[in-house]
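Down below is the structure, laid out as structure tokens.
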Amino acid sequence: MLRSFKFFAFLSVCIPLLTTTALAQDDGLKLTGWPYEVDVVTENLGRFTDQTGHGAVFLPFPSNEYHDKMVASFVAGTEFDVAYVRDSYLAEWASAGWILPITGLPNSEELLADLPQGIIEQMSYDGEVYGLPYYSGVQTMAYNAAHLAAAGIDAPPETWAEMLEQAQAIKDAGVVDYPILMQLRSGENYLLREWETLTASRGGRLFDDDFNPVFHLEDSPARQALDWLTEGLDAGLIDPASLTDDDGTLLMAAGTTSFMTTTDYTLKAMNDPEQSNVAGDIKNGLVPGTDEVRSGTWGYVRLYAITANAEDKDAAWQLVQFLGGKDATGVYYVPKRWALEFGLGFSPAPLYEDEEVRNSISGWIDPDLLSEQSEYAISRPYRFVPFFSDWEIGSWGPLQAAILGDADKGEVLNDLAEEWNELKEDWGY
Amino acid sequence: MKQRARIRLVIIYVAAAMLLAGTVGPFLWLVSSSFQYERQLLNRPPQWLPNPIVLDSYREIFEGAVMGEDSGVPYQSRIFLRSFANSFFVAGSVAVIAVMAGAYAAYPLARLRFRGRQVLLFAILASRLIPALSLAIPIVLVAKRIGMSDKIVSLVFINLSFILPYVIWLLQSYFKTIPMELEDAGRIDGCSRLQVVHKIILPLSLPGLTSAAILAFLLTWGEFLFALLLSESPSSYTSTVVVSLFATDVDVSFVSIITAGVLSVIPPICFALIFQRYIISGLLSGSLKG
Amino acid sequence: MQSRIATPRKEMSQGALALIFSAPAVLIIAATILVPFGMAVFLSLHNWNLKRPGRERFIGLENYTDWLRDSDFWDPLGTTFTFAILAVVVIIIVSLLISLLLNERFPGRGVLRALLLVPWAIPSVVNALLWKWLLNPQYGLVNAIFFEFGIITEYQNMLGSMPSVMIWLVIAYSWIHIPLATLLLLSGLQTIPGDIYESAIVDGAGIWQRFLTITLPLLRPMLSIVVIFEMIFALKVFDIIFVLTAGGPADATNVLGWQIYTETFRKLDFGAGSSIAMLLGAITLALAILFYVFLDKGVEQ
């Protein structure tokens, strides 16, 4: 026993001594983010160093825990200079004072002028812009064209009612058990976003421009959306897994789902023969609407922001410009690279006309339909108030209960509206 | 009698087979999946056995570890095996220190009469009663203030402080089972308390000490929250952090995660295999006779 | 410090000895935990929301009284208890059976003991993925197996509704935790001298009788430790909820651990998050003391 112990004690001390690489990084800028294509990011940073003389390293952290990791880092005062930010917690980080506005910094006006207003809104908090886009896009519809064909349907649904009809036909034809997947799980990436898609595509919104709730009003599109979900679930057309599943992309790729609404880039995985059993069958279509409304949706942005802990703020801004805007030669080098080689959605206007970029994504998504879809995107300013997440977290349980028919929809919606109003008053909005 | 022994063995092996199916079965699915293509994981009915056998994820991890950036494999695969060194250092140190410090702390709790014994016992446990999540940010904050963040030594301390309470509780309970007469005999022979611990208590507690060491090693090996929150650069990532790096926001490399998971299981199981032979009975009955 | 040979006659008091013996462990724990623990207590007495910098203030026990009047505390508490009771019962029964099996002598026992630890050795990220895959309603293995054996006629969504979601959470959680409990119970079984069994067999006691009159009473100290440990673990459950259900559907699996996480890391309300954690800690402590007094009583004699 003792000998084994000594052996292990010896090993456990020696191994790290032998393998520990030089810990002291040079005093470059520190960029934190989720670990998508780490080597490409590092390569880009090399170009930045060549052009500006500032050293820069990329420190990737797990994507799922990125938010929590960064919260801890901000509170502890860790010296990260530039950070990836998801628009879903932009307001939170800005209100806590963890990221800095770029409004008024040199070149910012010129760079922002190239961006669509909707994107700028989604990078703003309290009237100031907090960064430049990494990638962006819209929620769109994905459908399995082979399933539709097998049920004798030649075009994807244009209205939500039609989607249920087509789903019924697909189910009746025995193609799949549950043709529609809706992402209704608890969590900021699921339920509320799906509800927003369903509401926007019915011509509605959850809140008005003064941040007053409108979702609870009689016959509001938001309420119709919930009714539609209940109808689909009861009819066995919407997959009951919708309430718990956290990765609809996989169900599409498995070929067990015919319709879902999804972020544009997920179509790439769905149509990748290595990752998907139905590669090539998945098409993007416009989000369905109603007889009056064509196809509302909303957009998302991932952005680069300067953190409040950054030591050299000028250098950090240079890095943000390089990553999200133009490099020293005046071209959108990094955004174009992401778009061209990896199919990530881009925002700067000059890239829309870029033939190369258009061609590269058409292998897995229809670029024309996608750009038409983005025209229907509505803005969601209510998401950029600091108490939105507080309200959202409390909404998941009651909304699920309402959708499942365990609770009265009207009551749930009124309660949620009341909770919002209390928060709103409390925060002085 | 021979007949009975044979029946006994049959019953044991049937039970053991059921046990294996229950515990290792799901793991075998992980192993099988690690040799498949990503899309095959989505097959319905499931693809039970790999066909063909795909070695890519293993090749990437091993090639990446050996050749580094020249291998051209993704970053996560390259640094995965290297992060084993950190995990091994932390888990190994915690196992060794926790058992040593824990044994000395457990002895008085089991054997000595002093005021505040029960209070001490529960005070030790106190830090384990609230979820680590609520201590997480304060711990990160303190570590940063005293210059201990991004150091794997800090992980040793944090894991120790989380695991020592369990080890102490476990060992004090174990020590209580050693008959007092043995200790008294030693004392009459002129042993000091320290000698009693070294010569009587510890040797007779081998199964308990071993369980404590395995517990400490496994809990630390799998620790994720603090390994993530205290690291500020890849040099201090443990293997659990690197495993979760395979999800990238845009895509998830499931087969790589699974392969990394399969490989992660090997060190703690080896540790357990080496030490479990000390979980043996008969120590006490022998010593009582002698 | 000078090294000095202690003699049995001139020895310090037991209290002083206890202090010296436990010093290294206590110092490690105190040095690491004391300040953060104090900070958590401090936060729980304050209005402290990171999204509203500059508005922190001392509010005494208000956070606590707010929670105690709020169904957002009591409902998750009930769910937590349901989960913990089910999980602890399942873990104790199953691991007791397994440890009895592994305590028998038979060829291959050592390997089996080590393999038993596999579920526990899988990193939590992978474990989460494993269960997500096993329970998937479309391509999941549990569905496939049940379907093959005719237990179900069509694929089910195990996590979609009560009570099946709770049952499967308990199964997944227990699968991961049984190895720990078994390991400890097994080491406890080693303390039972074999000659006691031999004399019992001579007296004609059957298996069941031997289990009740010898194994169970003598295993009691370790059993009580395992019950206390598993109870502490189960009351704090978070990881598996985080991955498999996120508290849903319709709050059916909203446990206190999840509530603490959302308050702290999602709402950034450190005051509310810390105070609910303290409440959970107090409840756990009370239960641990209760179990200790109740289960460990016989051991002291």
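Every chain in the structure tokens takes a letter, A first, then B, and so on in the order presented; its residues are numbered from 1, and the ligands are numbered from 1 following the presented order.
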Please report, as JSON lines, each residue of chain B lying at most 9 Å from chain A, together with the nearest pair of atoms and the separation in Å rounded to one decimal; use only C-alpha atoms, and order rows by chain and ascending residue number.
{"residue": "B:Tyr37", "atom": "CA", "partner": "A:Glu274", "partner_atom": "CA", "distance": 6.7}
{"residue": "B:Glu38", "atom": "CA", "partner": "A:Gln275", "partner_atom": "CA", "distance": 5.0}
{"residue": "B:Arg39", "atom": "CA", "partner": "A:Gln275", "partner_atom": "CA", "distance": 4.3}
{"residue": "B:Gln40", "atom": "CA", "partner": "A:Asn277", "partner_atom": "CA", "distance": 7.5}
{"residue": "B:Leu41", "atom": "CA", "partner": "A:Ala254", "partner_atom": "CA", "distance": 8.5}
{"residue": "B:Leu42", "atom": "CA", "partner": "A:Ala254", "partner_atom": "CA", "distance": 4.9}
{"residue": "B:Asn43", "atom": "CA", "partner": "A:Ala254", "partner_atom": "CA", "distance": 6.5}
{"residue": "B:Arg44", "atom": "CA", "partner": "A:Ala254", "partner_atom": "CA", "distance": 8.0}
{"residue": "B:Pro74", "atom": "CA", "partner": "A:Asp39", "partner_atom": "CA", "distance": 7.5}
{"residue": "B:Tyr75", "atom": "CA", "partner": "A:Val38", "partner_atom": "CA", "distance": 6.2}
{"residue": "B:Gln76", "atom": "CA", "partner": "A:Pro35", "partner_atom": "CA", "distance": 8.3}
{"residue": "B:Arg82", "atom": "CA", "partner": "A:Thr19", "partner_atom": "CA", "distance": 8.0}
{"residue": "B:Ala85", "atom": "CA", "partner": "A:Pro16", "partner_atom": "CA", "distance": 5.6}
{"residue": "B:Asn86", "atom": "CA", "partner": "A:Pro16", "partner_atom": "CA", "distance": 6.4}
{"residue": "B:Phe88", "atom": "CA", "partner": "A:Ser12", "partner_atom": "CA", "distance": 6.1}
{"residue": "B:Phe89", "atom": "CA", "partner": "A:Ser12", "partner_atom": "CA", "distance": 4.5}
{"residue": "B:Val90", "atom": "CA", "partner": "A:Ser12", "partner_atom": "CA", "distance": 7.7}
{"residue": "B:Ala91", "atom": "CA", "partner": "A:Ser12", "partner_atom": "CA", "distance": 8.2}
{"residue": "B:Gly92", "atom": "CA", "partner": "A:Ser12", "partner_atom": "CA", "distance": 5.3}
{"residue": "B:Ser93", "atom": "CA", "partner": "A:Ser12", "partner_atom": "CA", "distance": 6.3}
{"residue": "B:Ala95", "atom": "CA", "partner": "A:Ala9", "partner_atom": "CA", "distance": 8.9}
{"residue": "B:Val96", "atom": "CA", "partner": "A:Ala9", "partner_atom": "CA", "distance": 6.5}
{"residue": "B:Ala136", "atom": "CA", "partner": "A:Ala72", "partner_atom": "CA", "distance": 8.0}
{"residue": "B:Ile137", "atom": "CA", "partner": "A:Ala72", "partner_atom": "CA", "distance": 5.6}
{"residue": "B:Pro138", "atom": "CA", "partner": "A:Ala76", "partner_atom": "CA", "distance": 8.4}
{"residue": "B:Val140", "atom": "CA", "partner": "A:Ala76", "partner_atom": "CA", "distance": 6.3}
{"residue": "B:Leu141", "atom": "CA", "partner": "A:Ala76", "partner_atom": "CA", "distance": 4.4}
{"residue": "B:Val142", "atom": "CA", "partner": "A:Ala76", "partner_atom": "CA", "distance": 7.8}
{"residue": "B:Ala143", "atom": "CA", "partner": "A:Ala76", "partner_atom": "CA", "distance": 8.5}
{"residue": "B:Lys144", "atom": "CA", "partner": "A:Ala76", "partner_atom": "CA", "distance": 6.1}
{"residue": "B:Arg145", "atom": "CA", "partner": "A:Ala76", "partner_atom": "CA", "distance": 7.8}
{"residue": "B:Leu206", "atom": "CA", "partner": "A:Met1", "partner_atom": "CA", "distance": 7.9}
{"residue": "B:Thr210", "atom": "CA", "partner": "A:Met1", "partner_atom": "CA", "distance": 8.5}
{"residue": "B:Leu228", "atom": "CA", "partner": "A:Lys69", "partner_atom": "CA", "distance": 7.1}
{"residue": "B:Leu229", "atom": "CA", "partner": "A:Lys69", "partner_atom": "CA", "distance": 5.6}
{"residue": "B:Leu230", "atom": "CA", "partner": "A:Ser73", "partner_atom": "CA", "distance": 8.6}
{"residue": "B:Glu232", "atom": "CA", "partner": "A:Leu59", "partner_atom": "CA", "distance": 7.4}
{"residue": "B:Ser233", "atom": "CA", "partner": "A:Leu59", "partner_atom": "CA", "distance": 5.9}
{"residue": "B:Pro234", "atom": "CA", "partner": "A:Leu59", "partner_atom": "CA", "distance": 7.0}
{"residue": "B:Ser235", "atom": "CA", "partner": "A:Leu23", "partner_atom": "CA", "distance": 6.6}
{"residue": "B:Ser236", "atom": "CA", "partner": "A:Leu23", "partner_atom": "CA", "distance": 8.9}
{"residue": "B:Val241", "atom": "CA", "partner": "A:Pro62", "partner_atom": "CA", "distance": 7.1}
{"residue": "B:Val242", "atom": "CA", "partner": "A:Pro62", "partner_atom": "CA", "distance": 7.8}
{"residue": "B:Val243", "atom": "CA", "partner": "A:Pro62", "partner_atom": "CA", "distance": 8.6}
{"residue": "B:Ser244", "atom": "CA", "partner": "A:Pro62", "partner_atom": "CA", "distance": 5.4}
{"residue": "B:Leu245", "atom": "CA", "partner": "A:Pro62", "partner_atom": "CA", "distance": 4.6}
{"residue": "B:Phe246", "atom": "CA", "partner": "A:Pro35", "partner_atom": "CA", "distance": 7.5}
{"residue": "B:Ala247", "atom": "CA", "partner": "A:Ser63", "partner_atom": "CA", "distance": 6.0}
{"residue": "B:Thr248", "atom": "CA", "partner": "A:Tyr36", "partner_atom": "CA", "distance": 4.7}
{"residue": "B:Asp249", "atom": "CA", "partner": "A:Ser63", "partner_atom": "CA", "distance": 5.5}
{"residue": "B:Val250", "atom": "CA", "partner": "A:Tyr36", "partner_atom": "CA", "distance": 6.8}
{"residue": "B:Asp251", "atom": "CA", "partner": "A:Ala269", "partner_atom": "CA", "distance": 7.4}
{"residue": "B:Ile274", "atom": "CA", "partner": "A:Ser4", "partner_atom": "CA", "distance": 8.1}
{"residue": "B:Phe275", "atom": "CA", "partner": "A:Met1", "partner_atom": "CA", "distance": 7.6}
{"residue": "B:Tyr278", "atom": "CA", "partner": "A:Met1", "partner_atom": "CA", "distance": 7.2}
Running DSSP on the backbone, which parts of range 8-235 of chain B land in alpha helix (DSSP H), as a PyMOL selection string?
chain B and resi 8-34+56-67+75-111+117-126+132-145+152-176+180-188+193-196+202-204+206-221+225-230
Who sits within 8 Å of Thr240 in chain B, only C-alpha atoms, same chain under 2 positions skipped, as an MDAnalysis selection string:
(chainID B and resid 221:224 227 237:238 242:244) or (chainID C and resid 123:125)
Please write the residues from the selection above to a file, keeping C-alpha atoms, as a PDB file, in the first residue's frame.
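Full text of again.pdb as output:
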ATOM      1  CA  TRP B 221     -10.629  13.571 -11.661  1.00  0.00           C
ATOM      2  CA  GLY B 222     -14.192  14.381 -12.651  1.00  0.00           C
ATOM      3  CA  GLU B 223     -14.349  17.848 -11.109  1.00  0.00           C
ATOM      4  CA  PHE B 224     -15.425  20.397 -13.684  1.00  0.00           C
ATOM      5  CA  ALA B 227     -11.386  23.511 -13.084  1.00  0.00           C
ATOM      6  CA  TYR B 237      -7.111  23.176 -18.330  1.00  0.00           C
ATOM      7  CA  THR B 238      -7.895  19.791 -16.883  1.00  0.00           C
ATOM      8  CA  VAL B 242     -11.096  20.104 -22.633  1.00  0.00           C
ATOM      9  CA  VAL B 243     -13.854  17.519 -23.115  1.00  0.00           C
ATOM     10  CA  SER B 244     -16.435  20.281 -22.978  1.00  0.00           C
TER      11      SER B 244
ATOM     12  CA  PRO C 123     -16.637  12.863 -17.112  1.00  0.00           C
ATOM     13  CA  SER C 124     -19.901  14.594 -16.302  1.00  0.00           C
ATOM     14  CA  VAL C 125     -20.087  16.211 -19.740  1.00  0.00           C
TER      15      VAL C 125
END
If you take only C-alpha atoms and a cut-off of 7 Å, which residues of chain A touch chain C, and what are their nearest atom pairs and distances in Å to one decimal, in chain and number order, as a Markdown table?
| residue | atom | partner | partner_atom | distance |
| --- | --- | --- | --- | --- |
| A:Asp68 | CA | C:Phe265 | CA | 6.2 |
| A:Glu92 | CA | C:Lys51 | CA | 6.2 |
| A:Ser95 | CA | C:Lys51 | CA | 5.3 |
| A:Ala96 | CA | C:Lys51 | CA | 4.4 |
| A:Ser186 | CA | C:Ala246 | CA | 5.7 |
| A:Gly187 | CA | C:Ala246 | CA | 6.9 |
| A:Pro240 | CA | C:Gly160 | CA | 6.5 |
| A:Ala241 | CA | C:Asn157 | CA | 5.9 |
| A:Leu243 | CA | C:Pro249 | CA | 6.2 |
| A:Thr244 | CA | C:Thr245 | CA | 5.7 |
| A:Thr256 | CA | C:Gln138 | CA | 6.7 |
| A:Pro386 | CA | C:Lys51 | CA | 6.9 |
| A:Ser389 | CA | C:Lys267 | CA | 6.5 |
| A:Asp390 | CA | C:Lys267 | CA | 5.3 |
| A:Gly397 | CA | C:Ala250 | CA | 4.1 |
| A:Pro398 | CA | C:Ala250 | CA | 6.2 |
| A:Gln400 | CA | C:Ala250 | CA | 4.9 |
| A:Ala401 | CA | C:Ala250 | CA | 4.9 |
If the cut-off is 7 Å, can you tell me the residues of chain B near chain C, counting only C-alpha atoms? I'd like them as a PyMOL selection string.
chain B and resi 12+23-24+42-46+101-102+104-105+108+112-114+127+129-131+133-135+138-139+157-158+161+164+170+173+177+187+190-192+207-208+211+218+222+240+244+257-258+261+264-265+268-269+272-273+276-277+279-282+284-285
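The residues of range 30-227 of chain C that DSSP assigns to strand (DSSP E or B) on this backbone come out as His46, Asn47, Asn49, Arg57 and Phe58 of chain C.
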Would you save the residues of that selection, restricted to N, CA and C atoms, as a PDB file, in the first residue's frame?
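Wrote result_37.pdb, looks like this:
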ATOM      1  N   HIS C  46     -27.624  40.672   2.042  1.00  0.00           N
ATOM      2  CA  HIS C  46     -27.644  41.931   1.301  1.00  0.00           C
ATOM      3  C   HIS C  46     -28.564  41.854   0.089  1.00  0.00           C
ATOM      4  N   ASN C  47     -28.970  43.038  -0.313  1.00  0.00           N
ATOM      5  CA  ASN C  47     -29.598  43.178  -1.614  1.00  0.00           C
ATOM      6  C   ASN C  47     -28.437  43.340  -2.580  1.00  0.00           C
ATOM      7  N   ASN C  49     -27.520  42.661  -6.457  1.00  0.00           N
ATOM      8  CA  ASN C  49     -27.768  42.237  -7.820  1.00  0.00           C
ATOM      9  C   ASN C  49     -26.696  42.853  -8.709  1.00  0.00           C
ATOM     10  N   ARG C  57     -27.106  46.907  -0.633  1.00  0.00           N
ATOM     11  CA  ARG C  57     -27.298  47.381   0.748  1.00  0.00           C
ATOM     12  C   ARG C  57     -27.667  46.218   1.656  1.00  0.00           C
ATOM     13  N   PHE C  58     -27.353  46.436   2.948  1.00  0.00           N
ATOM     14  CA  PHE C  58     -27.637  45.426   3.961  1.00  0.00           C
ATOM     15  C   PHE C  58     -29.134  45.382   4.228  1.00  0.00           C
TER      16      PHE C  58
END
Shortest interatomic distance to Val196 in chain B - which of B:Met180, B:Ala5, B:Leu209, B:Val73, counting only C-alpha atoms:
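Using only C-alpha atoms, the shortest distance to Val196 in chain B belongs to B:Met180.
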Which is closest to Gln168 in chain A among A:Gln139, A:Ser258, A:Asn271, A:Thr329, if we use only C-alpha atoms?
A:Ser258
